[in-house]
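K.L.:
Sharing model.txt, compact mmCIF, N, CA and C atoms:
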# COMPACT_ATOMS: atom_id res chain seq x y z
N MET A 687 42.73 27.48 -56.87
CA MET A 687 41.58 28.20 -56.33
C MET A 687 40.50 28.36 -57.38
N PHE A 688 40.87 28.77 -58.60
CA PHE A 688 39.92 28.97 -59.68
C PHE A 688 39.23 27.65 -60.04
N ARG A 689 40.00 26.57 -60.08
CA ARG A 689 39.45 25.26 -60.42
C ARG A 689 38.41 24.81 -59.38
N ASN A 690 38.67 25.05 -58.10
CA ASN A 690 37.72 24.69 -57.04
C ASN A 690 36.43 25.48 -57.16
N THR A 691 36.52 26.75 -57.52
CA THR A 691 35.34 27.59 -57.66
C THR A 691 34.45 27.08 -58.78
N ILE A 692 35.03 26.72 -59.91
CA ILE A 692 34.25 26.19 -61.04
C ILE A 692 33.62 24.85 -60.64
N GLY A 693 34.38 24.01 -59.99
CA GLY A 693 33.86 22.72 -59.55
C GLY A 693 32.69 22.86 -58.59
N LEU A 694 32.82 23.79 -57.64
CA LEU A 694 31.73 24.02 -56.69
C LEU A 694 30.51 24.61 -57.38
N SER A 695 30.72 25.51 -58.33
CA SER A 695 29.61 26.11 -59.07
C SER A 695 28.87 25.05 -59.88
N LEU A 696 29.63 24.19 -60.56
CA LEU A 696 28.99 23.13 -61.34
C LEU A 696 28.24 22.16 -60.43
N PHE A 697 28.84 21.84 -59.31
CA PHE A 697 28.18 20.95 -58.36
C PHE A 697 26.86 21.56 -57.87
N ALA A 698 26.88 22.84 -57.54
CA ALA A 698 25.67 23.53 -57.06
C ALA A 698 24.61 23.57 -58.16
N LEU A 699 25.04 23.84 -59.41
CA LEU A 699 24.10 23.89 -60.52
C LEU A 699 23.44 22.53 -60.75
N PHE A 700 24.22 21.47 -60.81
CA PHE A 700 23.67 20.13 -61.03
C PHE A 700 22.80 19.68 -59.86
N SER A 701 23.21 20.02 -58.65
CA SER A 701 22.40 19.66 -57.48
C SER A 701 21.04 20.32 -57.55
N THR A 702 21.01 21.57 -57.95
CA THR A 702 19.76 22.30 -58.06
C THR A 702 18.89 21.71 -59.17
N LEU A 703 19.48 21.47 -60.33
CA LEU A 703 18.71 20.96 -61.46
C LEU A 703 18.12 19.58 -61.20
N PHE A 704 18.86 18.72 -60.59
CA PHE A 704 18.41 17.35 -60.41
C PHE A 704 17.61 17.13 -59.13
N SER A 705 17.51 18.14 -58.29
CA SER A 705 16.72 17.98 -57.07
C SER A 705 15.35 18.62 -57.20
N LEU A 706 15.04 19.26 -58.32
CA LEU A 706 13.73 19.88 -58.51
C LEU A 706 12.67 18.80 -58.64
N PRO A 707 11.53 18.96 -57.97
CA PRO A 707 10.47 17.96 -58.08
C PRO A 707 9.79 18.05 -59.45
N VAL A 708 9.30 16.93 -59.90
CA VAL A 708 8.57 16.90 -61.17
C VAL A 708 7.12 17.21 -60.85
N ILE A 709 6.59 18.26 -61.47
CA ILE A 709 5.26 18.73 -61.14
C ILE A 709 4.24 18.40 -62.24
N ALA A 710 4.68 17.88 -63.34
CA ALA A 710 3.78 17.62 -64.46
C ALA A 710 2.72 16.59 -64.09
N GLU A 711 1.48 16.88 -64.47
CA GLU A 711 0.38 15.95 -64.26
C GLU A 711 -0.24 15.65 -65.62
N ASP A 712 -0.76 14.45 -65.76
CA ASP A 712 -1.42 14.11 -67.01
C ASP A 712 -2.87 14.58 -66.97
N GLY A 713 -3.52 14.54 -68.14
CA GLY A 713 -4.89 15.00 -68.25
C GLY A 713 -5.86 14.24 -67.36
N HIS A 714 -5.64 12.94 -67.18
CA HIS A 714 -6.51 12.14 -66.33
C HIS A 714 -6.51 12.67 -64.89
N SER A 715 -5.32 12.93 -64.37
CA SER A 715 -5.19 13.40 -62.99
C SER A 715 -5.80 14.78 -62.82
N ILE A 716 -5.59 15.64 -63.78
CA ILE A 716 -6.12 17.00 -63.72
C ILE A 716 -7.64 16.97 -63.76
N ALA A 717 -8.20 16.17 -64.66
CA ALA A 717 -9.66 16.06 -64.79
C ALA A 717 -10.28 15.55 -63.48
N GLU A 718 -9.67 14.52 -62.92
CA GLU A 718 -10.19 13.96 -61.66
C GLU A 718 -10.13 14.99 -60.55
N LYS A 719 -9.04 15.72 -60.47
CA LYS A 719 -8.88 16.75 -59.44
C LYS A 719 -9.92 17.86 -59.61
N LEU A 720 -10.21 18.26 -60.85
CA LEU A 720 -11.21 19.30 -61.10
C LEU A 720 -12.58 18.90 -60.59
N VAL A 721 -12.96 17.64 -60.81
CA VAL A 721 -14.27 17.17 -60.34
C VAL A 721 -14.26 17.06 -58.81
N LYS A 722 -13.24 16.46 -58.25
CA LYS A 722 -13.18 16.25 -56.81
C LYS A 722 -13.25 17.55 -56.02
N THR A 723 -12.68 18.62 -56.54
CA THR A 723 -12.60 19.88 -55.80
C THR A 723 -13.75 20.84 -56.09
N GLN A 724 -14.72 20.42 -56.90
CA GLN A 724 -15.87 21.28 -57.15
C GLN A 724 -16.65 21.50 -55.86
N PRO A 725 -17.15 22.72 -55.65
CA PRO A 725 -17.96 22.99 -54.45
C PRO A 725 -19.27 22.19 -54.51
N CYS A 726 -19.71 21.73 -53.33
CA CYS A 726 -20.94 20.95 -53.25
C CYS A 726 -21.78 21.48 -52.09
N THR A 727 -22.57 20.64 -51.49
CA THR A 727 -23.49 21.02 -50.42
C THR A 727 -22.75 21.28 -49.10
N ALA A 728 -23.28 22.21 -48.33
CA ALA A 728 -22.82 22.49 -46.96
C ALA A 728 -21.33 22.83 -46.88
N GLY A 729 -20.80 23.49 -47.88
CA GLY A 729 -19.40 23.89 -47.86
C GLY A 729 -18.42 22.77 -48.14
N LEU A 730 -18.90 21.62 -48.54
CA LEU A 730 -18.04 20.48 -48.85
C LEU A 730 -17.71 20.46 -50.34
N THR A 731 -16.61 19.83 -50.68
CA THR A 731 -16.32 19.57 -52.09
C THR A 731 -17.05 18.29 -52.49
N VAL A 732 -17.08 17.99 -53.78
CA VAL A 732 -17.70 16.76 -54.26
C VAL A 732 -17.06 15.55 -53.59
N ASP A 733 -15.74 15.52 -53.54
CA ASP A 733 -15.03 14.40 -52.95
C ASP A 733 -15.36 14.25 -51.45
N GLN A 734 -15.40 15.35 -50.73
CA GLN A 734 -15.74 15.31 -49.30
C GLN A 734 -17.18 14.84 -49.09
N PHE A 735 -18.08 15.30 -49.96
CA PHE A 735 -19.47 14.88 -49.86
C PHE A 735 -19.59 13.37 -50.01
N PHE A 736 -18.92 12.82 -51.03
CA PHE A 736 -18.96 11.37 -51.22
C PHE A 736 -18.38 10.65 -50.00
N ASP A 737 -17.27 11.11 -49.50
CA ASP A 737 -16.62 10.46 -48.36
C ASP A 737 -17.51 10.47 -47.12
N GLN A 738 -18.22 11.56 -46.90
CA GLN A 738 -19.03 11.68 -45.69
C GLN A 738 -20.42 11.08 -45.82
N MET A 739 -20.98 11.13 -47.03
CA MET A 739 -22.38 10.75 -47.17
C MET A 739 -22.62 9.36 -47.74
N LEU A 740 -21.84 8.95 -48.72
CA LEU A 740 -22.17 7.71 -49.42
C LEU A 740 -21.23 6.55 -49.16
N SER A 741 -19.99 6.81 -48.92
CA SER A 741 -19.03 5.71 -48.83
C SER A 741 -19.28 4.82 -47.61
N HIS A 742 -20.05 5.28 -46.64
CA HIS A 742 -20.33 4.46 -45.46
C HIS A 742 -21.53 3.55 -45.66
N THR A 743 -22.43 3.94 -46.56
CA THR A 743 -23.65 3.16 -46.76
C THR A 743 -23.58 2.26 -47.99
N HIS A 744 -22.64 2.52 -48.88
CA HIS A 744 -22.50 1.73 -50.11
C HIS A 744 -21.04 1.33 -50.28
N ARG A 745 -20.83 0.26 -51.01
CA ARG A 745 -19.45 -0.16 -51.29
C ARG A 745 -18.85 0.76 -52.34
N ASP A 746 -17.77 1.42 -51.99
CA ASP A 746 -17.14 2.41 -52.86
C ASP A 746 -16.21 1.72 -53.86
N LEU A 747 -16.50 1.88 -55.14
CA LEU A 747 -15.65 1.31 -56.19
C LEU A 747 -14.65 2.34 -56.72
N GLY A 748 -14.70 3.56 -56.20
CA GLY A 748 -13.67 4.56 -56.50
C GLY A 748 -13.96 5.43 -57.70
N TRP A 749 -12.94 6.22 -58.02
CA TRP A 749 -12.98 7.16 -59.14
C TRP A 749 -12.45 6.46 -60.39
N ARG A 750 -13.05 6.78 -61.53
CA ARG A 750 -12.59 6.28 -62.82
C ARG A 750 -12.55 7.45 -63.79
N VAL A 751 -11.54 7.46 -64.65
CA VAL A 751 -11.40 8.53 -65.64
C VAL A 751 -11.20 7.90 -67.01
N PHE A 752 -11.99 8.37 -67.99
CA PHE A 752 -11.92 7.86 -69.35
C PHE A 752 -11.67 9.01 -70.31
N ALA A 753 -10.72 8.84 -71.21
CA ALA A 753 -10.49 9.85 -72.25
C ALA A 753 -11.53 9.67 -73.34
N VAL A 754 -12.18 10.76 -73.73
CA VAL A 754 -13.14 10.77 -74.84
C VAL A 754 -12.76 11.91 -75.76
N ASP A 755 -13.38 11.97 -76.94
CA ASP A 755 -13.04 13.02 -77.91
C ASP A 755 -13.22 14.43 -77.34
N GLU A 756 -14.25 14.61 -76.51
CA GLU A 756 -14.57 15.95 -75.98
C GLU A 756 -13.70 16.34 -74.79
N GLY A 757 -13.00 15.39 -74.21
CA GLY A 757 -12.18 15.65 -73.02
C GLY A 757 -12.04 14.41 -72.19
N PHE A 758 -12.55 14.45 -70.94
CA PHE A 758 -12.47 13.30 -70.04
C PHE A 758 -13.80 13.10 -69.33
N TRP A 759 -14.25 11.87 -69.26
CA TRP A 759 -15.36 11.52 -68.39
C TRP A 759 -14.75 11.11 -67.07
N VAL A 760 -15.24 11.71 -66.01
CA VAL A 760 -14.80 11.37 -64.66
C VAL A 760 -16.03 10.84 -63.94
N GLU A 761 -15.90 9.66 -63.34
CA GLU A 761 -17.05 9.11 -62.65
C GLU A 761 -16.66 8.52 -61.31
N ARG A 762 -17.62 8.54 -60.40
CA ARG A 762 -17.48 7.88 -59.10
C ARG A 762 -18.53 6.80 -59.08
N VAL A 763 -18.14 5.60 -58.67
CA VAL A 763 -19.02 4.45 -58.73
C VAL A 763 -19.16 3.82 -57.35
N PHE A 764 -20.41 3.48 -57.01
CA PHE A 764 -20.72 2.78 -55.77
C PHE A 764 -21.53 1.54 -56.10
N MET A 765 -21.28 0.47 -55.38
CA MET A 765 -22.06 -0.76 -55.51
C MET A 765 -23.20 -0.68 -54.50
N VAL A 766 -24.44 -0.78 -55.01
CA VAL A 766 -25.59 -0.70 -54.11
C VAL A 766 -26.13 -2.06 -53.73
N SER A 767 -26.02 -3.01 -54.63
CA SER A 767 -26.39 -4.39 -54.33
C SER A 767 -25.49 -5.29 -55.17
N LYS A 768 -25.75 -6.58 -55.17
CA LYS A 768 -24.85 -7.50 -55.86
C LYS A 768 -24.53 -7.12 -57.30
N GLY A 769 -25.52 -6.68 -58.05
CA GLY A 769 -25.26 -6.37 -59.46
C GLY A 769 -25.53 -4.94 -59.84
N ALA A 770 -25.99 -4.13 -58.91
CA ALA A 770 -26.38 -2.75 -59.25
C ALA A 770 -25.32 -1.75 -58.82
N GLU A 771 -24.91 -0.92 -59.75
CA GLU A 771 -23.95 0.13 -59.47
C GLU A 771 -24.63 1.49 -59.58
N MET A 772 -24.19 2.41 -58.78
CA MET A 772 -24.67 3.79 -58.82
C MET A 772 -23.51 4.64 -59.34
N ARG A 773 -23.72 5.31 -60.48
CA ARG A 773 -22.65 6.07 -61.12
C ARG A 773 -22.98 7.56 -61.14
N TYR A 774 -21.97 8.35 -60.86
CA TYR A 774 -22.03 9.80 -60.99
C TYR A 774 -20.98 10.16 -62.02
N ARG A 775 -21.38 10.86 -63.10
CA ARG A 775 -20.43 11.11 -64.19
C ARG A 775 -20.43 12.58 -64.62
N TRP A 776 -19.22 13.10 -64.83
CA TRP A 776 -19.01 14.46 -65.31
C TRP A 776 -18.14 14.44 -66.56
N LEU A 777 -18.28 15.48 -67.38
CA LEU A 777 -17.40 15.68 -68.53
C LEU A 777 -16.51 16.88 -68.21
N VAL A 778 -15.20 16.67 -68.32
CA VAL A 778 -14.24 17.77 -68.19
C VAL A 778 -13.77 18.05 -69.61
N PRO A 779 -14.23 19.18 -70.20
CA PRO A 779 -13.91 19.47 -71.61
C PRO A 779 -12.42 19.71 -71.84
N ASN A 780 -11.96 19.38 -73.05
CA ASN A 780 -10.58 19.64 -73.45
C ASN A 780 -10.31 21.14 -73.47
N ASN A 781 -9.13 21.53 -73.06
CA ASN A 781 -8.66 22.92 -73.16
C ASN A 781 -9.73 23.91 -72.77
N SER A 782 -10.33 23.70 -71.65
CA SER A 782 -11.42 24.56 -71.23
C SER A 782 -11.21 25.03 -69.81
N THR A 783 -11.66 26.22 -69.54
CA THR A 783 -11.62 26.73 -68.17
C THR A 783 -12.99 26.58 -67.51
N GLU A 784 -13.94 25.94 -68.21
CA GLU A 784 -15.27 25.72 -67.66
C GLU A 784 -15.20 24.71 -66.52
N ASP A 785 -16.20 24.78 -65.65
CA ASP A 785 -16.34 23.77 -64.61
C ASP A 785 -16.71 22.45 -65.27
N PRO A 786 -16.40 21.34 -64.62
CA PRO A 786 -16.85 20.05 -65.14
C PRO A 786 -18.37 20.04 -65.29
N LEU A 787 -18.84 19.42 -66.35
CA LEU A 787 -20.27 19.39 -66.65
C LEU A 787 -20.86 18.05 -66.23
N PRO A 788 -21.93 18.06 -65.41
CA PRO A 788 -22.55 16.79 -65.02
C PRO A 788 -23.16 16.13 -66.26
N VAL A 789 -22.90 14.84 -66.44
CA VAL A 789 -23.38 14.13 -67.62
C VAL A 789 -24.66 13.38 -67.33
N ASN A 790 -24.77 12.79 -66.13
CA ASN A 790 -25.99 12.05 -65.83
C ASN A 790 -26.79 12.76 -64.73
N GLU A 791 -28.03 12.30 -64.55
CA GLU A 791 -28.94 12.95 -63.61
C GLU A 791 -28.42 12.90 -62.17
N ARG A 792 -27.78 11.81 -61.80
CA ARG A 792 -27.24 11.72 -60.43
C ARG A 792 -26.21 12.80 -60.17
N ALA A 793 -25.32 13.02 -61.13
CA ALA A 793 -24.31 14.07 -60.96
C ALA A 793 -24.95 15.45 -60.96
N GLN A 794 -25.98 15.63 -61.78
CA GLN A 794 -26.67 16.92 -61.83
C GLN A 794 -27.33 17.25 -60.49
N ASN A 795 -27.91 16.24 -59.85
CA ASN A 795 -28.65 16.45 -58.60
C ASN A 795 -27.78 16.36 -57.34
N LEU A 796 -26.56 15.93 -57.49
CA LEU A 796 -25.70 15.66 -56.34
C LEU A 796 -25.57 16.86 -55.40
N CYS A 797 -25.23 18.00 -55.93
CA CYS A 797 -24.95 19.16 -55.08
C CYS A 797 -26.08 20.19 -55.09
N SER A 798 -27.19 19.84 -55.69
CA SER A 798 -28.30 20.79 -55.76
C SER A 798 -29.26 20.64 -54.60
N GLU A 799 -29.04 19.66 -53.76
CA GLU A 799 -29.95 19.42 -52.63
C GLU A 799 -29.61 20.31 -51.47
Take the structure in the file and write it out as structure tokens.

P.N.:
Amino acid sequence: MFRNTIGLSLFALFSTLFSLPVIAEDGHSIAEKLVKTQPCTAGLTVDQFFDQMLSHTHRDLGWRVFAVDEGFWVERVFMVSKGAEMRYRWLVPNNSTEDPLPVNERAQNLCSE
């Protein structure tokens, strides 16, 4: 009886430990999520605004994230013509609780309209 109790306890412990989901995210994913979820125009987030307003009129090249010394550059890129791209870029500072900072004029003006 005692041996079965220990066996069941160990089984329950290992089942619990190995069934926990891994929640860790890397800096790239966190930075992208911070920009995407920023509030924008008409109660939309930045990501929702892009999906509703621009992705239908321009070819969407998606989100890109680059590590830089100051943190991460997060950008959304659209193809407007054969060789012209339209870029929106933000800086997500390292170890900061600040909102992402718009780096270029397009990102600055995106949600101010």

K.L.:
Taking 3 positions as the minimum chain separation for residues in the same chain, which residues sit within 7 Å of Ala717 (chain A) when counting all atoms listed in the file? Answer as a PyMOL selection string.

P.N.:
chain A and resi 712-714+720-722+758+760+778

K.L.:
For a test of reading the model, state the distance in Å between atom N of Leu777 (chain A) and atom C of Val751 (chain A), rounded to one decimal.

P.N.:
10.4 Å

K.L.:
Using only N, CA and C atoms, which residue out of A:Asn780, A:Pro725, A:Glu756, A:Arg775 lies closest to Cys797 (chain A)?

P.N.:
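Counting only N, CA and C atoms, the residue closest to Cys797 (chain A) is A:Pro725.
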
K.L.:
What would the list of residues within 8 Å of (-13.2, 2.6, -59.3) (file frame) look like as a list in words, if all atoms listed in the file are what count?

P.N.:
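Every polymer residue passing the test: Asp746, Leu747, Gly748, Trp749, Arg750, Val751, Glu761, Arg762, Val763 and Phe764 of chain A.
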
K.L.:
How many Å lie between CA of Leu730 (chain A) and CA of Trp759 (chain A), rounded to one decimal?

P.N.:
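Separation between CA of Leu730 (chain A) and CA of Trp759 (chain A): 21.7 Å.
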
K.L.:
Enter the distance from atom N of Tyr774 (chain A) to atom N of Ala793 (chain A), in Å, rounded to one decimal.

P.N.:
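Taking atom N of Tyr774 (chain A) and atom N of Ala793 (chain A), their separation equals 5.8 Å.
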
K.L.:
Give me the residues near Cys726 (chain A) as a PyMOL selection string, where near means some atom within 7 Å (using only N, CA and C atoms) and where sequence neighbours in that chain fewer than 6 positions away do not count.

P.N.:
chain A and resi 732+796-798

K.L.:
Could those residues be written to a file, using N, CA and C atoms, as an mmCIF file, keeping the file's coordinate frame?

P.N.:
data_model
loop_
_atom_site.group_PDB
_atom_site.id
_atom_site.type_symbol
_atom_site.label_atom_id
_atom_site.label_comp_id
_atom_site.auth_asym_id
_atom_site.auth_seq_id
_atom_site.Cartn_x
_atom_site.Cartn_y
_atom_site.Cartn_z
ATOM 1 N N VAL A 732 -17.080 17.990 -53.780
ATOM 2 C CA VAL A 732 -17.700 16.760 -54.260
ATOM 3 C C VAL A 732 -17.060 15.550 -53.590
ATOM 4 N N LEU A 796 -26.560 15.930 -57.490
ATOM 5 C CA LEU A 796 -25.700 15.660 -56.340
ATOM 6 C C LEU A 796 -25.570 16.860 -55.400
ATOM 7 N N CYS A 797 -25.230 18.000 -55.930
ATOM 8 C CA CYS A 797 -24.950 19.160 -55.080
ATOM 9 C C CYS A 797 -26.080 20.190 -55.090
ATOM 10 N N SER A 798 -27.190 19.840 -55.690
ATOM 11 C CA SER A 798 -28.300 20.790 -55.760
ATOM 12 C C SER A 798 -29.260 20.640 -54.600
#

K.L.:
Which residue gives the smallest distance to Glu784 (chain A) among A:Phe736, A:Phe752, A:Arg745, A:Gly757, with only C-alpha atoms counted?

P.N.:
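Among the listed residues, A:Gly757 lies closest to Glu784 (chain A).
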
K.L.:
How big is the axis-aligned box around the listed atoms of region 743-748 of chain A once 5 Å is added on each side, and where is its centre? Give both in Å to one decimal, as lines of an AutoDock Vina configuration file.

P.N.:
center_x = -18.7
center_y = 2.6
center_z = -52.1
size_x = 20.0
size_y = 15.6
size_z = 21.1
